[in-house]
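Okay, so here's the structure we're looking at.
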Amino acid sequence: MITGMERLVAAINGGVSDRIPVFCNLIDQGAKELGMPLKEYYADGAHVAEAQLRMRERYGHDNVWSLFYVGKEAELLGCRKIRYAEDGPPNVEDYVIKVYDDIAVLRIPTDLNAHPAFREELKCLQILKREVGGKYPICAYVTSTMTLPALLMGMDKWLELLLCGPPDLRDALLTKCHEFFVKEMTAYRDAGADVLVYSNPFGSTDTVSMNYFHDHSLPWIERDIKAVGTAGIVYYCGTSRFNRVIDSVLKRTGIGVYYLSPLDDLVEGKKIIAGRGLTCGVINDMKLIDWTREEIRAEVRRLIEAGMPGGKFLFGTGVMPYQIPEENIRTMLEAAYEYGSYEKQGS
Amino acid sequence: MLEQIIKSYNEAIFDTDREQALHVIHSAITQGVSPEDVIFKIVIPAIEQMVKSISEDFDANLAQHFMTAQIAAEVTEEMLAHFSKPPQVIGRVVIGTAEGDLHSLGKRIVMGCLKAQMIEVTDLGVNVPAERFVAEAVAHGARVIGISAMMAHTARGENGCLRVRQLLQERGLEGKIKIIVGGAPFRFDHELYRTVQADAWAEDGISAGKIITDLIREVQP
């Protein structure tokens with residue numbers, strides 16, 4: 001039986017297997033899978049691992065996740081209050097940086113593996129590695145240096161510091177965030193993560209202008225990637241569009257996988273990548289909540305027909321909203337397996 | 001002269017260069033441009049230019065929206081103190097993020113733009129219960145309630161916009177107060193505002209200013 005890892009490796013190398021790789025990013029749905037509230041679910045890495053394994057088995061997609069929620073990174077840096085919802089992702093409620101003076105005392109943990117907030121993630125990764133390591137890609141989510149401050153002080157305060165200064169304070173914070181980024185990336189790799197989603201809305205021209213991207217974002221992206229290497233790295237801008245910067249990122253960093261925004265033009269994105277990397281076509285999963293079966297199948301078909309010709313293509317989702325009915329998840333995945341089948345094309 | 005000032009200000013805004021934008025404004029004042037003209041002939045047209053750029057899919061982005069609104073708010077506050085007579089308030093708005101939502105950037109951009117357009121804005125903060133949205137709107141005589149939500153569950157949840165609509169219905173306020181929503185879920189599903197029973201939605205904070213102004217005119221007695 002062909003595994004998700006074999007499908008992914010074949011796609012990266014420009015080869016074919018039975019079908020294109022299909023990534024389905026079910027995160028909060030794990031709590032539903034185990035029938036428990038989100039707060040209880042995220043309290044134990046064994047819960048997250050068990051739910052990831054069960055959901056992958058049940059739906060048949062090609063990846064599992066070690067991600068709990070994005071605010072975990074803020075917890076590793078001192079956040080003490082996370083707000084839990086019954087039906088959506090937990091959020092940072094207490095910012096680590098409330099005033100600029102907090103930047104000077106922000107402490108980057110010496111050893112992430114020894115940090116209590118990392119313990120459950122490590123437990124999750126160990127179970128995933130033991131159960132499906134080498135067979136199904138294990139994904140980890142790492143926020144880029146330039147985006148991490150938004151989790152520590154809020155997006156508006158970070159934009160203010162980033163754009164208006166003081167520059168020395170901004171640079172001091174970025175330097176600390178970079179130090180954390182390198183440690184976090186290393187810890188995930190050491191623990192067995194294969195796919196490292198490098199999340200950076202500041203690497204998108206929806207967030208900053210092209211000039212700003214080249215003058216500020218790209219140098220930090222280069223610094224991040226130079227420090228950790230490109231192995232397993234996926235360029236992702238948190239559903240913001242980035243077709244216009246792909247060529248620069250590819251040339252300057254060598255990153256080989258691009259997880260486009262659902263709002264990006266997939267055909268254009270693939271043309272820009274031009275066989276130099278893996279193109280990931282991403283469905284608009286906000287619409288999956290209400291779309292009919294026919295609408296879901298039509299959209300999956302549209303994306304796959306746009307991205308699959310010429311190979312080096314993966315079909316994926318964003319971070320799937322908790323509200324998507326199970327039937328719609330199944331419909332989307334069945335359509336992806338059907339339209340993304342090489343065997344069907346060959347017959 | 002004014003034409004050159006407008007051009008320089010717009011360039012600074014598009015370059016997200018706050019210092020340069022403020023320098024242009026202060027130079028204009030030195031050259032004899034009135035505080036009223038600074039607002040109505042430089043700052044507001046710059047916002048309108050940004051809205052036009054967005055609609056034409058020009059290179060307008062979040063940083064530019066933020067900076068446009070931030071500078072507009074700063075300049076407006078500074079200029080208002082020097083107006084020859086108090087400006088006429090176009091209308092009143094209350095704004096906040098939906099219950100359970102802590103993302104404040106969008107509403108901050110909207111507020112900056114509204115202030116420059118002489119719309120009185122009351123910031124209700126983040127994680128605002130539906131009951132408070134309505135109570136504050138009534139207390140402030142607001143014509144529009146602005147609800148920002150960045151996550152699917154806060155955009156669609158029973159305690160968000162849907163509950164605000166229910167309360168307006170129960171209290172017979174629907175003809176007097178309109179609801180506008182914004183945030184990521186609405187950008188990815190353009191019909192979602194109907195699902196949550198809002199009157200309108202805005203793609204971004206800058207465009208929201210224009211839509212809110214139109215809504216205020218709709219309900220003006």
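Residue numbering restarts at 1 in every chain; chains get A, B, ... in the order shown in the structure tokens, and ligands count up from 1 in that same order.
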Taking only C-alpha atoms into account and nothing else, which residues of chain A lie no more than 8 Å away from chain B? Please answer as a list of chain:residue names.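 Applying the cut-off to the listed atoms yields A:Ala85, A:Asp87, A:Gly88, A:Asn91, A:Glu93, A:Gly154, A:Met155, A:Asp156, A:Leu159, A:Leu163, A:Cys164, A:Thr205, A:Asp206, A:Thr207, A:Val208, A:Ser209, A:Asn284, A:Met286, A:Lys287, A:Pro321, A:Tyr322, A:Gln323.
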Can you tell me which residues surround Ala137 (chain B) at a distance of at most 12 Å, considering only C-alpha atoms, apart from same-chain residues fewer than 3 positions away, and format the answer as a PyMOL selection string? chain B and resi 91-96+120-124+130-134+140-147+164+167-168+173-174+176-179
Give the strand (DSSP E) residues of region 4-124 of chain A, as assigned by DSSP on the backbone, as a list in words.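 Selecting the strand (DSSP E) positions of region 4-124 of chain A gives Val22, Phe23, Cys24, Asn25, Val64, Trp65, Ile82, Arg83, Asn91 and Val92 of chain A.
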Only C-alpha atoms, please: the residues just picked out, written as a compact mmCIF listing (two decimals), in the first residue's frame.
```txt
# COMPACT_ATOMS: atom_id res chain seq x y z
CA VAL A 22 -3.61 15.43 -0.21
CA PHE A 23 -3.05 17.41 3.01
CA CYS A 24 -6.07 18.00 5.23
CA ASN A 25 -5.32 20.22 8.20
CA VAL A 64 -0.72 14.41 10.57
CA TRP A 65 -0.11 17.50 12.71
CA ILE A 82 -5.04 31.41 26.77
CA ARG A 83 -8.70 31.90 25.96
CA ASN A 91 -6.25 32.47 21.47
CA VAL A 92 -3.62 34.45 23.34
```
Which residues are close to region 142-144 of chain A, i.e. within 8 Å by only C-alpha atoms, leaving aside same-chain residues fewer than 4 positions away? Reply as a count of residues only. 12
Just list the residues in region 10-194 of chain B DSSP gives helix (DSSP H, G or I) on the backbone, as JSON, numbers by chain. {"B": [10, 11, 12, 13, 14, 18, 19, 20, 21, 22, 23, 24, 25, 26, 27, 28, 29, 30, 35, 36, 37, 38, 39, 40, 41, 42, 43, 44, 45, 46, 47, 48, 49, 50, 51, 52, 53, 54, 55, 62, 63, 64, 65, 66, 67, 68, 69, 70, 71, 72, 73, 74, 75, 76, 77, 78, 79, 80, 105, 106, 107, 108, 109, 110, 111, 112, 113, 114, 115, 116, 130, 131, 132, 133, 134, 135, 136, 137, 138, 139, 140, 152, 153, 154, 155, 156, 161, 162, 163, 164, 165, 166, 167, 168, 169, 170, 184, 185, 186, 187, 188, 192, 193, 194]}
Dump C-alpha atoms for the selected residues as a tab-separated table (two decimals), in the first residue's frame?
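See part.tsv below for the written result:
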```tsv
chain	number	residue	atom	x	y	z
B	10	ASN	CA	-0.16	60.28	-0.80
B	11	GLU	CA	3.35	59.11	-1.62
B	12	ALA	CA	4.30	59.06	2.06
B	13	ILE	CA	1.15	57.08	2.89
B	14	PHE	CA	1.80	54.54	0.17
B	18	ARG	CA	4.70	58.18	8.95
B	19	GLU	CA	7.42	60.75	9.60
B	20	GLN	CA	7.34	62.00	6.03
B	21	ALA	CA	3.51	62.17	6.04
B	22	LEU	CA	3.50	64.23	9.23
B	23	HIS	CA	6.30	66.42	7.85
B	24	VAL	CA	4.18	67.12	4.73
B	25	ILE	CA	1.21	68.11	6.89
B	26	HIS	CA	3.25	70.39	9.16
B	27	SER	CA	4.90	72.04	6.15
B	28	ALA	CA	1.45	72.61	4.65
B	29	ILE	CA	0.31	74.39	7.82
B	30	THR	CA	3.46	76.53	7.75
B	35	PRO	CA	-6.52	72.89	9.37
B	36	GLU	CA	-9.90	72.38	7.67
B	37	ASP	CA	-8.24	72.02	4.26
B	38	VAL	CA	-5.66	69.62	5.70
B	39	ILE	CA	-8.48	67.27	6.71
B	40	PHE	CA	-10.94	67.77	3.86
B	41	LYS	CA	-8.54	68.30	0.97
B	42	ILE	CA	-5.56	66.15	1.95
B	43	VAL	CA	-6.32	63.48	4.56
B	44	ILE	CA	-9.82	62.40	3.46
B	45	PRO	CA	-8.95	62.36	-0.27
B	46	ALA	CA	-5.93	60.17	0.61
B	47	ILE	CA	-8.30	57.68	2.26
B	48	GLU	CA	-10.59	57.84	-0.76
B	49	GLN	CA	-7.61	57.28	-3.03
B	50	MET	CA	-6.71	54.18	-1.02
B	51	VAL	CA	-10.28	52.87	-1.36
B	52	LYS	CA	-10.07	53.46	-5.12
B	53	SER	CA	-6.72	51.64	-5.30
B	54	ILE	CA	-8.18	48.68	-3.45
B	55	SER	CA	-11.16	48.49	-5.79
B	62	LEU	CA	-2.51	45.88	5.27
B	63	ALA	CA	0.51	47.99	6.24
B	64	GLN	CA	-0.70	50.83	4.03
B	65	HIS	CA	-4.23	50.57	5.42
B	66	PHE	CA	-2.87	50.67	8.93
B	67	MET	CA	-0.61	53.61	8.25
B	68	THR	CA	-3.28	55.56	6.36
B	69	ALA	CA	-5.67	55.18	9.28
B	70	GLN	CA	-3.05	55.78	11.94
B	71	ILE	CA	-1.82	59.01	10.37
B	72	ALA	CA	-5.35	60.14	9.54
B	73	ALA	CA	-6.33	59.74	13.20
B	74	GLU	CA	-3.22	61.54	14.44
B	75	VAL	CA	-3.53	64.46	12.01
B	76	THR	CA	-7.27	64.79	12.63
B	77	GLU	CA	-6.80	65.01	16.38
B	78	GLU	CA	-4.10	67.64	15.94
B	79	MET	CA	-6.05	69.70	13.37
B	80	LEU	CA	-9.41	69.60	15.16
B	105	LEU	CA	-6.26	45.55	14.28
B	106	GLY	CA	-9.23	45.77	11.92
B	107	LYS	CA	-11.31	47.95	14.18
B	108	ARG	CA	-8.34	50.23	14.82
B	109	ILE	CA	-7.98	50.86	11.07
B	110	VAL	CA	-11.70	51.52	10.72
B	111	MET	CA	-11.67	53.93	13.66
B	112	GLY	CA	-8.79	55.96	12.25
B	113	CYS	CA	-10.60	56.46	8.95
B	114	LEU	CA	-13.94	57.29	10.56
B	115	LYS	CA	-12.46	59.93	12.85
B	116	ALA	CA	-10.99	61.79	9.88
B	130	ALA	CA	-23.97	41.40	21.93
B	131	GLU	CA	-26.00	43.05	24.70
B	132	ARG	CA	-23.27	45.63	25.20
B	133	PHE	CA	-23.07	46.43	21.48
B	134	VAL	CA	-26.76	47.31	21.51
B	135	ALA	CA	-26.79	49.09	24.87
B	136	GLU	CA	-23.83	51.28	23.91
B	137	ALA	CA	-25.28	52.03	20.47
B	138	VAL	CA	-28.47	53.26	22.11
B	139	ALA	CA	-26.58	55.21	24.79
B	140	HIS	CA	-24.41	56.99	22.21
B	152	ALA	CA	-15.11	31.44	11.90
B	153	HIS	CA	-16.64	30.73	15.31
B	154	THR	CA	-16.75	34.38	16.38
B	155	ALA	CA	-18.06	35.53	13.00
B	156	ARG	CA	-20.80	32.91	12.84
B	161	CYS	CA	-23.71	39.37	14.98
B	162	LEU	CA	-26.69	36.98	15.01
B	163	ARG	CA	-27.45	37.90	18.62
B	164	VAL	CA	-27.00	41.63	17.94
B	165	ARG	CA	-29.55	41.33	15.13
B	166	GLN	CA	-31.95	39.48	17.42
B	167	LEU	CA	-31.65	42.19	20.08
B	168	LEU	CA	-32.23	44.98	17.55
B	169	GLN	CA	-35.34	43.14	16.36
B	170	GLU	CA	-36.66	42.60	19.88
B	184	ALA	CA	-11.04	37.35	7.63
B	185	PRO	CA	-14.05	34.97	7.47
B	186	PHE	CA	-16.00	37.58	5.49
B	187	ARG	CA	-13.15	38.01	3.02
B	188	PHE	CA	-13.18	34.30	2.28
B	192	LEU	CA	-21.36	35.26	5.02
B	193	TYR	CA	-22.60	38.69	6.10
B	194	ARG	CA	-26.08	37.66	4.97
```
Find the spatial neighbours of Met308 (chain A), counting only C-alpha atoms, within a cut-off of 12 Å - ignore same-chain residues fewer than 2 positions away - and output them as JSON, numbers by chain. {"A": [11, 14, 15, 16, 19, 20, 21, 22, 266, 267, 270, 271, 275, 278, 279, 280, 281, 300, 301, 302, 303, 304, 305, 306, 310, 311, 312, 313, 314, 315, 336, 339, 340, 341, 342, 345]}
Between A:Ser217, A:Asn328, A:Ser204, A:Thr145, which is the closest to Asp264 (chain A) once you count only C-alpha atoms?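 Closest to Asp264 (chain A) of all the choices is A:Ser204.
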